[in-house]
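A short write-up of the structure that comes next.
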Amino acid sequence: GAVVSQHPSWVICKSGTSVKIECRSLDFQATTMFWYRQFPKQSLMLMATSNEGSKATYEQGVEKDKFLINHASLTLSTLTVTSAHPEDSSFYICSANSGGTYEQYFGPGTRLTVT
Amino acid sequence: GIQVEQSPPDLILQEGANSTLRCNFSDSVNNLQWFHQNPWGQLINLFYIPSGTKQNGRLSATTVATERYSLLYISSSQTTDSGVYFCAVERVGSNYKLTFGKGTLLTVNP
């Protein structure tokens, strides 16, 4: 199956700093990638849809100025959490689908802790 | 938006037992996937099954799209099957966006 990677797998940062998370499709091109957030013992919530070469589409209630998404190439999308606060601590997961199918493949996730 | 309900929320089994997990959804879908989230958080694709029946080893799944439900069967369960099982669907016309159910936490005891 298709492989999606994320980097870093975990990160600890101080309140007020920014953190960038990378999502890569390793063996396929992804015109669309998705970013999810998962709090402990909860389900995944879609944050935004990342489209190569255009602006991301954010779900209702997600602050676009706090969660900056860039999809610079067909294999890379980045999520930057700006001015992070402790309430931004969460598990962030990206996904992508290879062209021509609806099936999505998920990265291993990035655990963010803001102190 | 589309509603996705999974049942049961929690399930405890003895090793070797069989189980059935259910996913109900409220609208027509292009995509339905079952995932197993391992202890490190990785979502493992189990089935892409918007309709029909598939089998993979001890696991099988059936989706009856006209009745808006899907079932995941686990036979001869093993301790390594423990974890959270998620159903996720893409409503028709939603541009590939997946909506997840709340999951079923499966614990398989030795």
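Residue numbering restarts at 1 in every chain; chains get A, B, ... in the order shown in the structure tokens, and ligands count up from 1 in that same order.
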Please provide the set of residues having any atom within 10 Å of A:Pro108, restricted to only C-alpha atoms, with same-chain residues fewer than 5 positions apart removed, written as a JSON list (two decimals) with C-alpha atoms, in the first residue's frame.
```json
[["chain", "number", "residue", "atom", "x", "y", "z"],
["A", 3, "VAL", "CA", 3.21, 5.05, 2.46],
["A", 4, "VAL", "CA", 2.88, 8.38, 4.24],
["A", 5, "SER", "CA", 5.54, 9.66, 6.61],
["A", 6, "GLN", "CA", 5.52, 12.44, 9.19],
["A", 7, "HIS", "CA", 8.32, 14.31, 10.86],
["A", 8, "PRO", "CA", 8.93, 14.76, 13.69],
["A", 9, "SER", "CA", 7.21, 11.90, 15.49],
["A", 23, "CYS", "CA", 3.84, 15.13, 5.93],
["A", 91, "PHE", "CA", -1.64, 14.22, 18.34],
["A", 92, "TYR", "CA", -1.55, 15.54, 14.77],
["A", 93, "ILE", "CA", -2.02, 13.10, 11.91],
["A", 94, "CYS", "CA", -1.90, 13.64, 8.17],
["A", 95, "SER", "CA", -3.36, 11.55, 5.37],
["B", 37, "GLN", "CA", -5.00, 2.34, 15.75],
["B", 38, "ASN", "CA", -2.03, 0.73, 17.40],
["B", 40, "TRP", "CA", 1.73, 4.24, 19.16],
["B", 41, "GLY", "CA", -1.12, 5.98, 17.38],
["B", 42, "GLN", "CA", -0.51, 4.71, 13.86],
["B", 43, "LEU", "CA", -3.66, 4.08, 11.89],
["B", 44, "ILE", "CA", -3.42, 0.77, 10.09]]
```
Produce a table with one row for each residue of chain B that has an atom at most 12 Å from any atom of stretch 28-43 of chain A, each row naming the nearest atom pair and its distance in Å at one decimal; use only C-alpha atoms; arrange rows by chain and rising residue number; format as a Markdown table.
```
| residue | atom | partner | partner_atom | distance |
| --- | --- | --- | --- | --- |
| B:Val4 | CA | A:Ser43 | CA | 11.3 |
| B:Glu5 | CA | A:Ser43 | CA | 11.6 |
| B:Gln6 | CA | A:Ser43 | CA | 11.2 |
| B:Pro9 | CA | A:Gln42 | CA | 11.4 |
| B:Asp10 | CA | A:Lys41 | CA | 11.9 |
| B:Phe35 | CA | A:Ser43 | CA | 11.8 |
| B:Gln37 | CA | A:Ser43 | CA | 10.5 |
| B:Pro39 | CA | A:Lys41 | CA | 11.5 |
| B:Gly41 | CA | A:Gln38 | CA | 9.5 |
| B:Gln42 | CA | A:Gln38 | CA | 11.7 |
| B:Leu43 | CA | A:Ser43 | CA | 11.6 |
| B:Gly83 | CA | A:Lys41 | CA | 11.1 |
| B:Val84 | CA | A:Lys41 | CA | 9.3 |
| B:Tyr85 | CA | A:Ser43 | CA | 10.2 |
| B:Phe86 | CA | A:Ser43 | CA | 8.1 |
| B:Cys87 | CA | A:Ser43 | CA | 10.1 |
| B:Ala88 | CA | A:Ser43 | CA | 10.2 |
| B:Asn95 | CA | A:Thr32 | CA | 9.7 |
| B:Tyr96 | CA | A:Thr32 | CA | 8.8 |
| B:Lys97 | CA | A:Phe34 | CA | 8.0 |
| B:Leu98 | CA | A:Phe34 | CA | 9.2 |
| B:Thr99 | CA | A:Ser43 | CA | 9.6 |
| B:Phe100 | CA | A:Ser43 | CA | 6.7 |
| B:Gly101 | CA | A:Ser43 | CA | 6.8 |
| B:Lys102 | CA | A:Ser43 | CA | 5.0 |
| B:Gly103 | CA | A:Ser43 | CA | 6.8 |
| B:Thr104 | CA | A:Ser43 | CA | 10.1 |
| B:Leu105 | CA | A:Lys41 | CA | 9.5 |
```
Take the residues just selected and output them with N, CA, C and O atoms as a JSON list (two decimals), in the first residue's frame.
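As written to disk, selection_38.json reads:
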```
[["chain", "number", "residue", "atom", "x", "y", "z"],
["B", 4, "VAL", "N", -21.63, 9.23, 12.12],
["B", 4, "VAL", "CA", -21.04, 7.89, 12.10],
["B", 4, "VAL", "C", -21.07, 7.35, 13.53],
["B", 4, "VAL", "O", -20.48, 7.96, 14.43],
["B", 5, "GLU", "N", -21.75, 6.26, 13.70],
["B", 5, "GLU", "CA", -21.89, 5.68, 15.04],
["B", 5, "GLU", "C", -21.30, 4.28, 15.06],
["B", 5, "GLU", "O", -21.68, 3.44, 14.26],
["B", 6, "GLN", "N", -20.41, 4.06, 16.02],
["B", 6, "GLN", "CA", -19.80, 2.75, 16.16],
["B", 6, "GLN", "C", -20.26, 2.09, 17.44],
["B", 6, "GLN", "O", -20.45, 2.73, 18.46],
["B", 9, "PRO", "N", -18.85, 0.61, 22.18],
["B", 9, "PRO", "CA", -17.73, 1.51, 22.46],
["B", 9, "PRO", "C", -16.54, 0.78, 23.07],
["B", 9, "PRO", "O", -15.39, 1.16, 22.84],
["B", 10, "ASP", "N", -16.82, -0.24, 23.85],
["B", 10, "ASP", "CA", -15.76, -1.03, 24.48],
["B", 10, "ASP", "C", -16.11, -2.50, 24.36],
["B", 10, "ASP", "O", -17.29, -2.87, 24.44],
["B", 35, "PHE", "N", -10.06, 1.06, 10.26],
["B", 35, "PHE", "CA", -8.68, 1.22, 10.70],
["B", 35, "PHE", "C", -8.51, 0.60, 12.08],
["B", 35, "PHE", "O", -9.44, 0.56, 12.89],
["B", 37, "GLN", "N", -6.02, 1.42, 15.24],
["B", 37, "GLN", "CA", -5.00, 2.34, 15.75],
["B", 37, "GLN", "C", -4.17, 1.60, 16.78],
["B", 37, "GLN", "O", -4.70, 1.16, 17.81],
["B", 39, "PRO", "N", -0.97, 1.00, 19.59],
["B", 39, "PRO", "CA", -0.65, 1.76, 20.82],
["B", 39, "PRO", "C", 0.20, 3.00, 20.57],
["B", 39, "PRO", "O", 0.23, 3.91, 21.41],
["B", 41, "GLY", "N", -0.29, 5.01, 18.06],
["B", 41, "GLY", "CA", -1.12, 5.98, 17.38],
["B", 41, "GLY", "C", -1.24, 5.80, 15.88],
["B", 41, "GLY", "O", -2.04, 6.49, 15.24],
["B", 42, "GLN", "N", -0.46, 4.92, 15.30],
["B", 42, "GLN", "CA", -0.51, 4.71, 13.86],
["B", 42, "GLN", "C", -1.83, 4.08, 13.46],
["B", 42, "GLN", "O", -2.26, 3.09, 14.07],
["B", 43, "LEU", "N", -2.45, 4.66, 12.45],
["B", 43, "LEU", "CA", -3.66, 4.08, 11.89],
["B", 43, "LEU", "C", -3.29, 3.06, 10.81],
["B", 43, "LEU", "O", -2.65, 3.42, 9.82],
["B", 83, "GLY", "N", -6.67, -2.72, 20.83],
["B", 83, "GLY", "CA", -6.50, -1.35, 20.34],
["B", 83, "GLY", "C", -7.85, -0.76, 19.97],
["B", 83, "GLY", "O", -8.89, -1.34, 20.26],
["B", 84, "VAL", "N", -7.79, 0.38, 19.32],
["B", 84, "VAL", "CA", -9.02, 1.05, 18.93],
["B", 84, "VAL", "C", -9.27, 0.81, 17.44],
["B", 84, "VAL", "O", -8.35, 0.95, 16.62],
["B", 85, "TYR", "N", -10.49, 0.46, 17.13],
["B", 85, "TYR", "CA", -10.91, 0.25, 15.74],
["B", 85, "TYR", "C", -11.82, 1.40, 15.34],
["B", 85, "TYR", "O", -12.83, 1.67, 15.99],
["B", 86, "PHE", "N", -11.45, 2.07, 14.27],
["B", 86, "PHE", "CA", -12.23, 3.20, 13.77],
["B", 86, "PHE", "C", -12.85, 2.86, 12.42],
["B", 86, "PHE", "O", -12.23, 2.22, 11.56],
["B", 87, "CYS", "N", -14.06, 3.34, 12.26],
["B", 87, "CYS", "CA", -14.73, 3.36, 10.97],
["B", 87, "CYS", "C", -14.72, 4.82, 10.51],
["B", 87, "CYS", "O", -14.97, 5.73, 11.33],
["B", 88, "ALA", "N", -14.44, 5.05, 9.25],
["B", 88, "ALA", "CA", -14.45, 6.41, 8.71],
["B", 88, "ALA", "C", -15.13, 6.38, 7.36],
["B", 88, "ALA", "O", -14.94, 5.46, 6.57],
["B", 95, "ASN", "N", -15.76, 15.82, -1.24],
["B", 95, "ASN", "CA", -14.38, 16.03, -1.67],
["B", 95, "ASN", "C", -13.35, 15.28, -0.84],
["B", 95, "ASN", "O", -12.36, 15.87, -0.38],
["B", 96, "TYR", "N", -13.57, 14.00, -0.69],
["B", 96, "TYR", "CA", -12.60, 13.09, -0.05],
["B", 96, "TYR", "C", -12.48, 13.27, 1.46],
["B", 96, "TYR", "O", -11.67, 12.60, 2.09],
["B", 97, "LYS", "N", -13.28, 14.14, 2.08],
["B", 97, "LYS", "CA", -13.15, 14.34, 3.52],
["B", 97, "LYS", "C", -13.72, 13.15, 4.27],
["B", 97, "LYS", "O", -14.86, 12.74, 4.04],
["B", 98, "LEU", "N", -12.91, 12.61, 5.19],
["B", 98, "LEU", "CA", -13.37, 11.48, 5.99],
["B", 98, "LEU", "C", -13.94, 11.97, 7.32],
["B", 98, "LEU", "O", -13.37, 12.85, 7.97],
["B", 99, "THR", "N", -15.04, 11.37, 7.73],
["B", 99, "THR", "CA", -15.61, 11.58, 9.06],
["B", 99, "THR", "C", -15.46, 10.28, 9.83],
["B", 99, "THR", "O", -15.88, 9.22, 9.37],
["B", 100, "PHE", "N", -14.85, 10.39, 11.01],
["B", 100, "PHE", "CA", -14.58, 9.21, 11.82],
["B", 100, "PHE", "C", -15.67, 8.98, 12.85],
["B", 100, "PHE", "O", -16.24, 9.93, 13.42],
["B", 101, "GLY", "N", -15.93, 7.71, 13.13],
["B", 101, "GLY", "CA", -16.71, 7.36, 14.30],
["B", 101, "GLY", "C", -15.85, 7.51, 15.55],
["B", 101, "GLY", "O", -14.65, 7.81, 15.47],
["B", 102, "LYS", "N", -16.45, 7.26, 16.71],
["B", 102, "LYS", "CA", -15.74, 7.43, 17.97],
["B", 102, "LYS", "C", -14.87, 6.23, 18.31],
["B", 102, "LYS", "O", -14.09, 6.26, 19.24],
["B", 103, "GLY", "N", -15.02, 5.17, 17.55],
["B", 103, "GLY", "CA", -14.16, 4.01, 17.74],
["B", 103, "GLY", "C", -14.69, 2.98, 18.70],
["B", 103, "GLY", "O", -15.58, 3.25, 19.52],
["B", 104, "THR", "N", -14.15, 1.77, 18.58],
["B", 104, "THR", "CA", -14.40, 0.68, 19.53],
["B", 104, "THR", "C", -13.08, 0.30, 20.15],
["B", 104, "THR", "O", -12.13, -0.04, 19.41],
["B", 105, "LEU", "N", -12.99, 0.36, 21.47],
["B", 105, "LEU", "CA", -11.77, -0.05, 22.17],
["B", 105, "LEU", "C", -11.86, -1.53, 22.46],
["B", 105, "LEU", "O", -12.70, -1.97, 23.26]]
```
Return the single residue from A:Ala96, A:Ala56, A:Cys13, A:Val19 that is closest to chain B, with distances computed using only C-alpha atoms.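 Among the listed residues, the smallest separation from chain B belongs to A:Ala96.
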Can you tell me, as a PyMOL selection string, which residues in chain A count as strand (DSSP E) by DSSP? chain A and resi 4-7+10-13+19-25+32-38+44-51+57-58+67-73+76-81+90-96+105-106+110-114
For B:Arg91, find every residue with an atom within 10 Å (counting only C-alpha atoms), except residues of its own chain fewer than 6 positions away, and show them as an MDAnalysis selection string. chainID B and resid 1:3 25:32 97:99
Fewer than 3 positions away in the same chain doesn't count, so skip those; otherwise give me all residues within 6 Å of B:Arg22, counting only C-alpha atoms, as a ChimeraX atom specification. /B:6-7,70-71
Filtering to N, CA and C atoms, could you give me those residues as an mmCIF file, in the first residue's frame?
```
data_model
loop_
_atom_site.group_PDB
_atom_site.id
_atom_site.type_symbol
_atom_site.label_atom_id
_atom_site.label_comp_id
_atom_site.auth_asym_id
_atom_site.auth_seq_id
_atom_site.Cartn_x
_atom_site.Cartn_y
_atom_site.Cartn_z
ATOM 1 N N GLN B 6 -20.409 4.059 16.018
ATOM 2 C CA GLN B 6 -19.797 2.748 16.156
ATOM 3 C C GLN B 6 -20.259 2.090 17.440
ATOM 4 N N SER B 7 -20.417 0.787 17.348
ATOM 5 C CA SER B 7 -20.788 0.021 18.538
ATOM 6 C C SER B 7 -20.112 -1.340 18.523
ATOM 7 N N SER B 70 -21.881 -0.978 8.217
ATOM 8 C CA SER B 70 -20.761 -1.844 7.906
ATOM 9 C C SER B 70 -20.416 -2.648 9.151
ATOM 10 N N LEU B 71 -19.936 -3.859 8.937
ATOM 11 C CA LEU B 71 -19.562 -4.747 10.023
ATOM 12 C C LEU B 71 -18.112 -5.201 9.833
#
```
